[in-house]
Structures are given as C-alpha cells and as structure tokens.
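Asker: Got a structure for you, upload-v5.cif, holding mmCIF, C-alpha atoms.
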```cif
data_run
loop_
_atom_site.label_atom_id
_atom_site.label_comp_id
_atom_site.auth_asym_id
_atom_site.auth_seq_id
_atom_site.Cartn_x
_atom_site.Cartn_y
_atom_site.Cartn_z
CA ALA A 1 210.05 -84.98 -145.40
CA GLU A 2 209.78 -85.97 -141.77
CA ALA A 3 209.79 -89.61 -140.87
CA LEU A 4 206.43 -91.00 -139.83
CA SER A 5 206.24 -89.76 -136.25
CA LEU A 6 203.04 -91.51 -135.18
CA ALA A 7 201.35 -94.79 -135.90
CA PRO A 8 198.86 -94.27 -138.75
CA ARG A 9 195.80 -94.64 -136.50
CA ASP A 10 197.24 -92.03 -134.15
CA LEU A 11 197.51 -89.55 -137.02
CA VAL A 12 193.72 -89.49 -137.38
CA GLY A 13 193.28 -88.80 -133.68
CA ARG A 14 195.85 -86.03 -133.76
CA GLY A 15 194.32 -84.60 -136.93
CA MET A 16 190.93 -84.52 -135.27
CA GLN A 17 192.38 -82.85 -132.19
CA ARG A 18 194.18 -80.27 -134.30
CA PHE A 19 190.93 -79.47 -136.08
CA ARG A 20 189.09 -79.11 -132.76
CA GLU A 21 191.78 -76.63 -131.72
CA GLY A 22 191.32 -74.65 -134.94
CA ASP A 23 194.52 -75.87 -136.62
CA VAL A 24 192.85 -76.73 -139.91
CA GLY A 25 196.11 -76.90 -141.88
CA GLY A 26 197.73 -79.18 -139.31
CA SER A 27 194.73 -81.48 -139.36
CA ILE A 28 194.98 -81.81 -143.15
CA GLU A 29 198.69 -82.67 -142.85
CA ASP A 30 197.88 -85.46 -140.40
CA PHE A 31 195.00 -86.80 -142.46
CA ASP A 32 197.08 -86.74 -145.65
CA GLU A 33 199.96 -88.50 -143.90
CA PHE A 34 197.51 -91.15 -142.71
CA ILE A 35 196.24 -91.64 -146.27
CA GLN A 36 199.81 -92.08 -147.50
CA ALA A 37 200.28 -94.83 -144.92
CA ALA A 38 196.84 -96.42 -145.38
CA PRO A 39 195.40 -95.37 -148.79
CA ARG A 40 192.47 -97.78 -148.59
CA GLN A 41 191.14 -95.81 -145.62
CA LYS A 42 190.68 -92.57 -147.58
CA PRO A 43 186.95 -93.12 -148.25
CA PHE A 44 186.27 -93.29 -144.53
CA LEU A 45 188.06 -90.07 -143.61
CA TRP A 46 185.11 -87.67 -143.60
CA GLN A 47 186.95 -85.53 -141.06
CA ARG A 48 189.48 -84.70 -143.79
CA GLY A 49 186.66 -83.40 -145.98
CA LEU A 50 185.57 -81.02 -143.23
CA SER A 51 189.12 -79.76 -142.81
CA LEU A 52 189.46 -79.26 -146.56
CA TYR A 53 186.23 -77.26 -146.57
CA TYR A 54 187.54 -74.92 -143.88
CA ALA A 55 190.81 -74.55 -145.79
CA ASP A 56 188.71 -73.33 -148.76
CA ARG A 57 189.82 -76.37 -150.77
CA PHE A 58 186.27 -76.98 -151.93
CA GLU A 59 187.02 -79.27 -154.89
CA ASP A 60 189.16 -81.53 -152.71
CA ALA A 61 186.50 -81.47 -150.00
CA ALA A 62 183.76 -82.42 -152.46
CA ASP A 63 185.94 -85.26 -153.76
CA GLN A 64 186.50 -86.54 -150.22
CA PHE A 65 182.78 -86.47 -149.44
CA ARG A 66 181.81 -88.10 -152.75
CA THR A 67 184.34 -90.86 -152.06
CA ASP A 68 182.79 -91.37 -148.64
CA VAL A 69 179.24 -91.63 -150.02
CA ALA A 70 180.44 -94.12 -152.65
CA VAL A 71 181.33 -96.57 -149.85
CA ASN A 72 178.57 -95.46 -147.46
CA PRO A 73 175.52 -94.66 -149.61
CA ASN A 74 173.39 -93.80 -146.57
CA ASP A 75 175.62 -90.96 -145.39
CA THR A 76 173.31 -87.96 -145.43
CA GLU A 77 175.79 -85.57 -143.86
CA GLU A 78 178.47 -86.27 -146.45
CA ALA A 79 175.92 -85.68 -149.22
CA VAL A 80 175.08 -82.32 -147.61
CA TRP A 81 178.77 -81.43 -147.24
CA THR A 82 179.31 -82.29 -150.89
CA TYR A 83 176.54 -79.80 -151.68
CA LEU A 84 178.11 -77.19 -149.40
CA SER A 85 181.52 -77.65 -151.01
CA GLU A 86 180.21 -77.60 -154.56
CA SER A 87 178.01 -74.59 -153.87
CA GLN A 88 181.18 -72.62 -153.16
CA ILE A 89 182.50 -73.55 -156.62
CA ASP A 90 179.43 -73.70 -158.87
CA GLY A 91 176.65 -72.02 -156.89
CA VAL A 92 173.69 -73.50 -155.07
CA ASP A 93 171.59 -74.36 -158.14
CA GLN A 94 174.32 -76.51 -159.68
CA ALA A 95 175.15 -78.05 -156.30
CA ARG A 96 171.49 -78.94 -155.76
CA ASP A 97 171.21 -80.44 -159.26
CA ASN A 98 174.28 -82.61 -158.53
CA MET A 99 173.26 -83.54 -154.99
CA LEU A 100 174.12 -87.09 -154.09
CA GLN A 101 171.23 -89.45 -153.52
CA VAL A 102 171.43 -91.32 -150.23
CA GLY A 103 169.24 -93.68 -148.27
CA ARG A 104 166.85 -92.67 -145.50
CA ASP A 105 168.65 -91.28 -142.47
CA SER A 106 167.37 -92.50 -139.11
CA ARG A 107 167.77 -89.01 -137.65
CA ARG A 108 164.74 -86.78 -138.13
CA VAL A 109 166.82 -83.63 -138.24
CA MET A 110 169.14 -84.95 -140.95
CA ARG A 111 166.18 -86.11 -143.06
CA LYS A 112 164.78 -82.57 -142.85
CA VAL A 113 168.18 -80.99 -143.63
CA TYR A 114 168.55 -83.21 -146.69
CA GLU A 115 165.04 -82.36 -147.90
CA VAL A 116 165.64 -78.62 -147.45
CA TYR A 117 168.96 -78.70 -149.28
CA GLN A 118 167.30 -80.61 -152.12
CA GLU A 119 164.50 -78.02 -152.08
CA LYS A 120 161.96 -80.76 -151.38
CA ALA A 121 161.00 -79.07 -148.11
CA GLU A 122 160.70 -75.45 -147.07
CA LEU A 123 163.47 -73.75 -145.12
CA SER A 124 160.79 -72.75 -142.59
CA GLU A 125 160.36 -76.44 -141.68
CA LEU A 126 163.99 -76.62 -140.58
CA GLU A 127 163.63 -73.28 -138.76
CA GLU A 128 160.60 -74.68 -136.91
CA LEU A 129 162.57 -77.78 -135.95
CA ALA A 130 165.36 -75.54 -134.61
CA GLU A 131 162.80 -73.70 -132.47
CA THR A 132 161.03 -76.78 -131.09
CA ALA A 133 163.78 -79.40 -130.86
CA THR A 134 166.16 -79.92 -127.97
CA GLY A 135 169.62 -81.39 -127.56
CA GLY A 136 171.40 -82.60 -130.64
CA GLU A 137 168.40 -82.01 -132.91
CA GLN A 138 168.33 -78.34 -131.99
CA PHE A 139 172.08 -77.97 -132.48
CA TYR A 140 172.11 -79.75 -135.85
CA SER A 141 169.11 -77.78 -137.09
CA LEU A 142 170.87 -74.51 -136.25
CA LEU A 143 174.20 -75.71 -137.66
CA TYR A 144 172.72 -76.67 -141.01
CA LEU A 145 170.59 -73.53 -141.16
CA ALA A 146 173.80 -71.52 -140.74
CA LEU A 147 175.56 -73.52 -143.44
CA TRP A 148 172.56 -73.22 -145.78
CA HIS A 149 172.63 -69.44 -145.39
CA GLU A 150 176.37 -69.36 -145.98
CA ALA A 151 175.93 -71.33 -149.19
CA HIS A 152 173.21 -68.87 -150.21
CA LYS A 153 175.56 -65.92 -149.58
CA ASP A 154 173.78 -64.52 -146.53
CA PRO A 155 176.58 -64.14 -143.97
CA ASN A 156 174.42 -62.27 -141.47
CA LEU A 157 171.90 -65.10 -141.09
CA ALA A 158 174.71 -67.65 -141.28
CA ARG A 159 176.41 -65.95 -138.35
CA GLN A 160 173.15 -65.66 -136.40
CA TYR A 161 172.37 -69.37 -136.72
CA MET A 162 175.95 -70.51 -136.12
CA SER A 163 176.14 -68.36 -132.98
CA ALA A 164 172.88 -69.92 -131.82
CA ALA A 165 174.22 -73.42 -132.53
CA VAL A 166 177.40 -72.95 -130.49
CA SER A 167 175.35 -71.40 -127.67
CA THR A 168 173.07 -74.42 -127.24
CA PRO A 169 173.79 -76.71 -124.30
CA TYR A 170 174.66 -79.42 -126.84
CA GLY A 171 177.03 -77.08 -128.67
CA ARG A 172 178.76 -76.11 -125.44
CA ARG A 173 179.00 -79.45 -123.66
CA SER A 174 178.48 -82.46 -125.91
CA GLY A 175 182.05 -83.01 -127.06
CA ASP A 176 180.60 -83.85 -130.50
CA TYR A 177 183.03 -83.29 -133.39
CA MET A 178 180.38 -81.22 -135.14
CA ALA A 179 180.06 -78.97 -132.09
CA ALA A 180 183.80 -78.37 -132.41
CA LEU A 181 183.26 -77.74 -136.12
CA ALA A 182 180.77 -75.00 -135.26
CA GLN A 183 183.43 -73.36 -133.09
CA VAL A 184 185.99 -73.69 -135.90
CA HIS A 185 183.47 -72.16 -138.27
CA MET A 186 183.10 -69.16 -135.97
CA LYS A 187 186.90 -68.77 -135.72
CA THR A 188 187.62 -69.14 -139.43
CA ARG A 189 184.94 -66.57 -140.25
CA GLN A 190 186.30 -64.33 -137.46
CA TRP A 191 182.89 -64.29 -135.78
CA SER A 192 184.24 -65.02 -132.31
#
```
Have the structure of the file written as structure tokens, please.
Answerer:
Amino acid sequence: AEALSLAPRDLVGRGMQRFREGDVGGSIEDFDEFIQAAPRQKPFLWQRGLSLYYADRFEDAADQFRTDVAVNPNDTEEAVWTYLSESQIDGVDQARDNMLQVGRDSRRVMRKVYEVYQEKAELSELEELAETATGGEQFYSLLYLALWHEAHKDPNLARQYMSAAVSTPYGRRSGDYMAALAQVHMKTRQWS
C-alpha cells in the first residue's frame, strides 16, 4: 500500500474533486483512506455515501447514510439517499417502509421531497414546485424527481428530469456539490 500521500483533511478535498470530475472510484479511495486515518469522522462523510451509490455499492452507501443520520438526525437528504440506496436493493416499497425519520428541514423543497418519498405527498406537488420554483429550489426539485423516477425504474423520466436539473442556471453555475452530482449522474448513466 502507498504511504499516506496527503494530510487526512486534504484527502476529503481531493476525494470531492475526484467525484466532481467523474472519478467515482478515485473518490472512494480517498474517502476510505481518510476514514483509516480518522475513523471517528466516518459518520460525517456523506460525500462518501454519494460516491458509493454511483459505484453501485448500494449496501455500503445505505450504511454510510444511516451512520450520518445517527449523528445528525435532522439530515433529510441523507434519509432520502438511504431510501434511494435501499430501493436499488430491496425495491421502493421496502425502502419506503424503512425510511429514516428525521426532523423538520428548513428548506421547503427538501420537506416536499421527503414527504413525496414517504408517500405522504403526491409526486405532482414536487413537479409543481419544479415548475414554479427558481434557483436552488428548482434544481433540487428536478434532481429529486429524477432520482425518484430512477428508483421507480422509469429511466426515461429520470433522464428527462436530470437533464432539466443540469440545464438550470443553478445546475450550470452554482458550484454546488449536488450540481456536480447531477453531472456525474448523467455521465455514469451515459446520458451525456
């Protein structure tokens, strides 16, 4: 094994950059090396969970997200990503039944996403938000609509919504890690 080439904190930054560039495997290597150096930080490494998801390591991804929610019980996105990961293993009904309970998210769009994924709100409500919202709310609505459709085995609608998400001004210019994730999603699915 190679000697530790970077300071542990630098490994996370490099792992994130690798992911942004579409090097999912390289990002996992960096995140795992960081965890070896600083094991107590594993619960806070949600970026690793996203990389694991895109490496089709759904059980590991779900474990990473569940660990995150255990230390941050108000993390709506990690609860949703747990659902997304587990839906790839056990199907959407089982994933919904096992959905993590989290506190109230301050972001309107993430509250609606969480309600839709729990089937406590209609998908049309999230679609309406995607049509009427601007900025980050529009992007996140489209992103999570795409992911919902992917979990429900509708790749055509998933592609349509993900393409719309990356085409928003927020998706193109924000620099948000999740905007980069949408691009990675398009690449890993060979949609771009």
Asker: Pull out every residue that the PyMOL selection byres ((chain A and resi 94) around 12) matches in the shown coordinates and put them as a PDB file with C-alpha atoms, keeping the file's coordinate frame.
Answerer:
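Output contents, as saved in expr_29.pdb:
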```pdb
ATOM      1  CA  THR A  82     179.310 -82.290-150.890  1.00  0.00           C
ATOM      2  CA  TYR A  83     176.540 -79.800-151.680  1.00  0.00           C
ATOM      3  CA  LEU A  84     178.110 -77.190-149.400  1.00  0.00           C
ATOM      4  CA  SER A  85     181.520 -77.650-151.010  1.00  0.00           C
ATOM      5  CA  GLU A  86     180.210 -77.600-154.560  1.00  0.00           C
ATOM      6  CA  SER A  87     178.010 -74.590-153.870  1.00  0.00           C
ATOM      7  CA  GLN A  88     181.180 -72.620-153.160  1.00  0.00           C
ATOM      8  CA  ILE A  89     182.500 -73.550-156.620  1.00  0.00           C
ATOM      9  CA  ASP A  90     179.430 -73.700-158.870  1.00  0.00           C
ATOM     10  CA  GLY A  91     176.650 -72.020-156.890  1.00  0.00           C
ATOM     11  CA  VAL A  92     173.690 -73.500-155.070  1.00  0.00           C
ATOM     12  CA  ASP A  93     171.590 -74.360-158.140  1.00  0.00           C
ATOM     13  CA  ALA A  95     175.150 -78.050-156.300  1.00  0.00           C
ATOM     14  CA  ARG A  96     171.490 -78.940-155.760  1.00  0.00           C
ATOM     15  CA  ASP A  97     171.210 -80.440-159.260  1.00  0.00           C
ATOM     16  CA  ASN A  98     174.280 -82.610-158.530  1.00  0.00           C
ATOM     17  CA  MET A  99     173.260 -83.540-154.990  1.00  0.00           C
ATOM     18  CA  LEU A 100     174.120 -87.090-154.090  1.00  0.00           C
ATOM     19  CA  TYR A 117     168.960 -78.700-149.280  1.00  0.00           C
ATOM     20  CA  GLN A 118     167.300 -80.610-152.120  1.00  0.00           C
ATOM     21  CA  ALA A 151     175.930 -71.330-149.190  1.00  0.00           C
TER      22      ALA A 151
END
```
Asker: So which residues touch Ala179 in chain A within 9 Å, counting all atoms listed in the file, skipping near sequence neighbours fewer than 6 positions away, as a PyMOL selection string?
Answerer: chain A and resi 139-140+143+165-166+170-173
Asker: Near His185 in chain A, within 9 Å and counting only C-alpha atoms, which residues show up once chain neighbours fewer than 6 positions away are dropped, as a list in words?
Answerer: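 Here the qualifying residues turn out to be Gly22, Tyr54, Met162 and Trp191 of chain A.
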Asker: Restrict the selected residues to C-alpha atoms and save them as a CSV table (one decimal), in the frame of the given file.
Answerer:
```csv
chain,number,residue,atom,x,y,z
A,22,GLY,CA,191.3,-74.6,-134.9
A,54,TYR,CA,187.5,-74.9,-143.9
A,162,MET,CA,176.0,-70.5,-136.1
A,191,TRP,CA,182.9,-64.3,-135.8
```
Asker: Give me, please, the distance in Å between CA of Gly49 in chain A and CA of Ala61 in chain A, quoted to one decimal.
Answerer: 4.5 Å
Asker: Return as JSON the box centre and box size in Å, one decimal, for an axis-aligned box around all listed atoms of range 16-21 of chain A padded by 3 Å per side.
Answerer:
```
{"center_x": 191.6, "center_y": -80.6, "center_z": -133.9, "size_x": 11.1, "size_y": 13.9, "size_z": 10.4}
```
Asker: The PyMOL selection byres ((chain A and resi 17) around 12) on the file shown: which residues, as a list in words?
Answerer: Asp10, Leu11, Val12, Gly13, Arg14, Gly15, Met16, Arg18, Phe19, Arg20, Glu21, Gly22, Asp23, Val24, Gly25, Gly26, Ser27, Ile28, Asp30, Phe31, Gln47, Ser51, Gly175, Asp176, Tyr177, Ala180, Leu181 and Val184 of chain A
Asker: Nearest residue to Gln138 in chain A out of A:Val116, A:Met186, A:Val109, A:Leu123, using all atoms listed in the file?
Answerer: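 With all atoms listed in the file as the atom set, the closest residue is A:Val109.
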Asker: Can you list, as a list in words, the residues that the PyMOL selection byres ((chain A and resi 158-161) around 7) selects here?
Answerer: Leu142, Leu143, Leu145, Ala146, Leu147, His149, Glu150, Asp154, Pro155, Asn156, Leu157, Met162, Ser163, Ala164 and Ala165 of chain A
Asker: Would you kindly identify which residues have an atom no farther than 12 Å from (163.4, -78.3, -144.6), using all atoms listed in the file and the file's own coordinates, and write them out as an mmCIF file with C-alpha atoms, in the coordinates of the input?
Answerer:
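Wrote it out as selection_1.cif, contents follow:
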```cif
data_model
loop_
_atom_site.group_PDB
_atom_site.id
_atom_site.type_symbol
_atom_site.label_atom_id
_atom_site.label_comp_id
_atom_site.auth_asym_id
_atom_site.auth_seq_id
_atom_site.Cartn_x
_atom_site.Cartn_y
_atom_site.Cartn_z
ATOM 1 C CA ARG A 108 164.740 -86.780 -138.130
ATOM 2 C CA VAL A 109 166.820 -83.630 -138.240
ATOM 3 C CA MET A 110 169.140 -84.950 -140.950
ATOM 4 C CA ARG A 111 166.180 -86.110 -143.060
ATOM 5 C CA LYS A 112 164.780 -82.570 -142.850
ATOM 6 C CA VAL A 113 168.180 -80.990 -143.630
ATOM 7 C CA TYR A 114 168.550 -83.210 -146.690
ATOM 8 C CA GLU A 115 165.040 -82.360 -147.900
ATOM 9 C CA VAL A 116 165.640 -78.620 -147.450
ATOM 10 C CA TYR A 117 168.960 -78.700 -149.280
ATOM 11 C CA GLN A 118 167.300 -80.610 -152.120
ATOM 12 C CA GLU A 119 164.500 -78.020 -152.080
ATOM 13 C CA LYS A 120 161.960 -80.760 -151.380
ATOM 14 C CA ALA A 121 161.000 -79.070 -148.110
ATOM 15 C CA GLU A 122 160.700 -75.450 -147.070
ATOM 16 C CA LEU A 123 163.470 -73.750 -145.120
ATOM 17 C CA SER A 124 160.790 -72.750 -142.590
ATOM 18 C CA GLU A 125 160.360 -76.440 -141.680
ATOM 19 C CA LEU A 126 163.990 -76.620 -140.580
ATOM 20 C CA GLU A 127 163.630 -73.280 -138.760
ATOM 21 C CA GLU A 128 160.600 -74.680 -136.910
ATOM 22 C CA LEU A 129 162.570 -77.780 -135.950
ATOM 23 C CA ALA A 130 165.360 -75.540 -134.610
ATOM 24 C CA SER A 141 169.110 -77.780 -137.090
ATOM 25 C CA LEU A 142 170.870 -74.510 -136.250
ATOM 26 C CA TYR A 144 172.720 -76.670 -141.010
ATOM 27 C CA LEU A 145 170.590 -73.530 -141.160
ATOM 28 C CA TRP A 148 172.560 -73.220 -145.780
#
```
Asker: Pick out the closest residue to Pro8 in chain A from this set: A:Ile35, A:Ala79, A:Val69, A:Leu50. Count only C-alpha atoms.
Answerer: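 The closest residue to Pro8 in chain A is A:Ile35.
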Asker: Asp75 in chain A: which residues within 8 Å, counting only C-alpha atoms, same-chain residues fewer than 3 positions away excluded, as an MDAnalysis selection string?
Answerer: chainID A and resid 68:69 72 78:79 102:103 105
Asker: When you count all atoms listed in the file, which of these residues is closest to Asp32 in chain A: A:Gln190, A:Asn74, A:Thr134, A:Gln64?
Answerer: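 Residue with the minimum atom-to-atom distance to Asp32 in chain A: A:Gln64.
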Asker: Report, in Å with one decimal, the straight-line distance from CA of Gly135 in chain A to CA of Glu77 in chain A.
Answerer: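 Between CA of Gly135 in chain A and CA of Glu77 in chain A the gap is 17.9 Å.
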Asker: Can you tell me how far CA of Ala70 in chain A sits from CA of Phe44 in chain A, in Å to one decimal?
Answerer: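 So the answer is 10.0 Å.
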Asker: Kindly reconstruct range 65-89 of chain A with N, CA and C atoms and present the result as a tab-separated table (two decimals), keeping the file's coordinate frame.
Answerer:
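Generated output (result.tsv):
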```tsv
chain	number	residue	atom	x	y	z
A	65	PHE	N	184.14	-86.10	-149.83
A	65	PHE	CA	182.78	-86.47	-149.44
A	65	PHE	C	182.14	-87.42	-150.45
A	66	ARG	N	182.36	-87.19	-151.74
A	66	ARG	CA	181.81	-88.10	-152.75
A	66	ARG	C	182.40	-89.50	-152.60
A	67	THR	N	183.69	-89.57	-152.29
A	67	THR	CA	184.34	-90.86	-152.06
A	67	THR	C	183.73	-91.56	-150.87
A	68	ASP	N	183.42	-90.80	-149.83
A	68	ASP	CA	182.79	-91.37	-148.64
A	68	ASP	C	181.41	-91.94	-148.98
A	69	VAL	N	180.60	-91.17	-149.69
A	69	VAL	CA	179.24	-91.63	-150.02
A	69	VAL	C	179.28	-92.85	-150.94
A	70	ALA	N	180.32	-92.96	-151.76
A	70	ALA	CA	180.44	-94.12	-152.65
A	70	ALA	C	180.56	-95.41	-151.84
A	71	VAL	N	181.20	-95.36	-150.67
A	71	VAL	CA	181.33	-96.57	-149.85
A	71	VAL	C	180.27	-96.63	-148.75
A	72	ASN	N	179.62	-95.51	-148.48
A	72	ASN	CA	178.57	-95.46	-147.46
A	72	ASN	C	177.39	-94.69	-148.05
A	73	PRO	N	176.57	-95.36	-148.87
A	73	PRO	CA	175.52	-94.66	-149.61
A	73	PRO	C	174.37	-94.14	-148.75
A	74	ASN	N	174.42	-94.33	-147.45
A	74	ASN	CA	173.39	-93.80	-146.57
A	74	ASN	C	173.88	-92.61	-145.75
A	75	ASP	N	175.00	-92.03	-146.16
A	75	ASP	CA	175.62	-90.96	-145.39
A	75	ASP	C	175.06	-89.60	-145.79
A	76	THR	N	173.99	-89.22	-145.13
A	76	THR	CA	173.31	-87.96	-145.43
A	76	THR	C	174.23	-86.76	-145.23
A	77	GLU	N	174.95	-86.75	-144.13
A	77	GLU	CA	175.79	-85.57	-143.86
A	77	GLU	C	176.85	-85.37	-144.93
A	78	GLU	N	177.44	-86.43	-145.41
A	78	GLU	CA	178.47	-86.27	-146.45
A	78	GLU	C	177.85	-85.79	-147.76
A	79	ALA	N	176.62	-86.21	-148.04
A	79	ALA	CA	175.92	-85.68	-149.22
A	79	ALA	C	175.69	-84.18	-149.06
A	80	VAL	N	175.31	-83.75	-147.87
A	80	VAL	CA	175.08	-82.32	-147.61
A	80	VAL	C	176.39	-81.55	-147.71
A	81	TRP	N	177.48	-82.12	-147.16
A	81	TRP	CA	178.77	-81.43	-147.24
A	81	TRP	C	179.30	-81.38	-148.67
A	82	THR	N	178.96	-82.37	-149.48
A	82	THR	CA	179.31	-82.29	-150.89
A	82	THR	C	178.60	-81.08	-151.50
A	83	TYR	N	177.32	-80.95	-151.22
A	83	TYR	CA	176.54	-79.80	-151.68
A	83	TYR	C	177.19	-78.49	-151.22
A	84	LEU	N	177.52	-78.42	-149.93
A	84	LEU	CA	178.11	-77.19	-149.40
A	84	LEU	C	179.42	-76.86	-150.10
A	85	SER	N	180.25	-77.87	-150.33
A	85	SER	CA	181.52	-77.65	-151.01
A	85	SER	C	181.31	-77.21	-152.45
A	86	GLU	N	180.44	-77.91	-153.14
A	86	GLU	CA	180.21	-77.60	-154.56
A	86	GLU	C	179.48	-76.28	-154.75
A	87	SER	N	178.69	-75.88	-153.76
A	87	SER	CA	178.01	-74.59	-153.87
A	87	SER	C	179.01	-73.44	-153.85
A	88	GLN	N	180.14	-73.64	-153.19
A	88	GLN	CA	181.18	-72.62	-153.16
A	88	GLN	C	181.91	-72.50	-154.50
A	89	ILE	N	181.83	-73.54	-155.31
A	89	ILE	CA	182.50	-73.55	-156.62
A	89	ILE	C	181.53	-73.15	-157.73
```
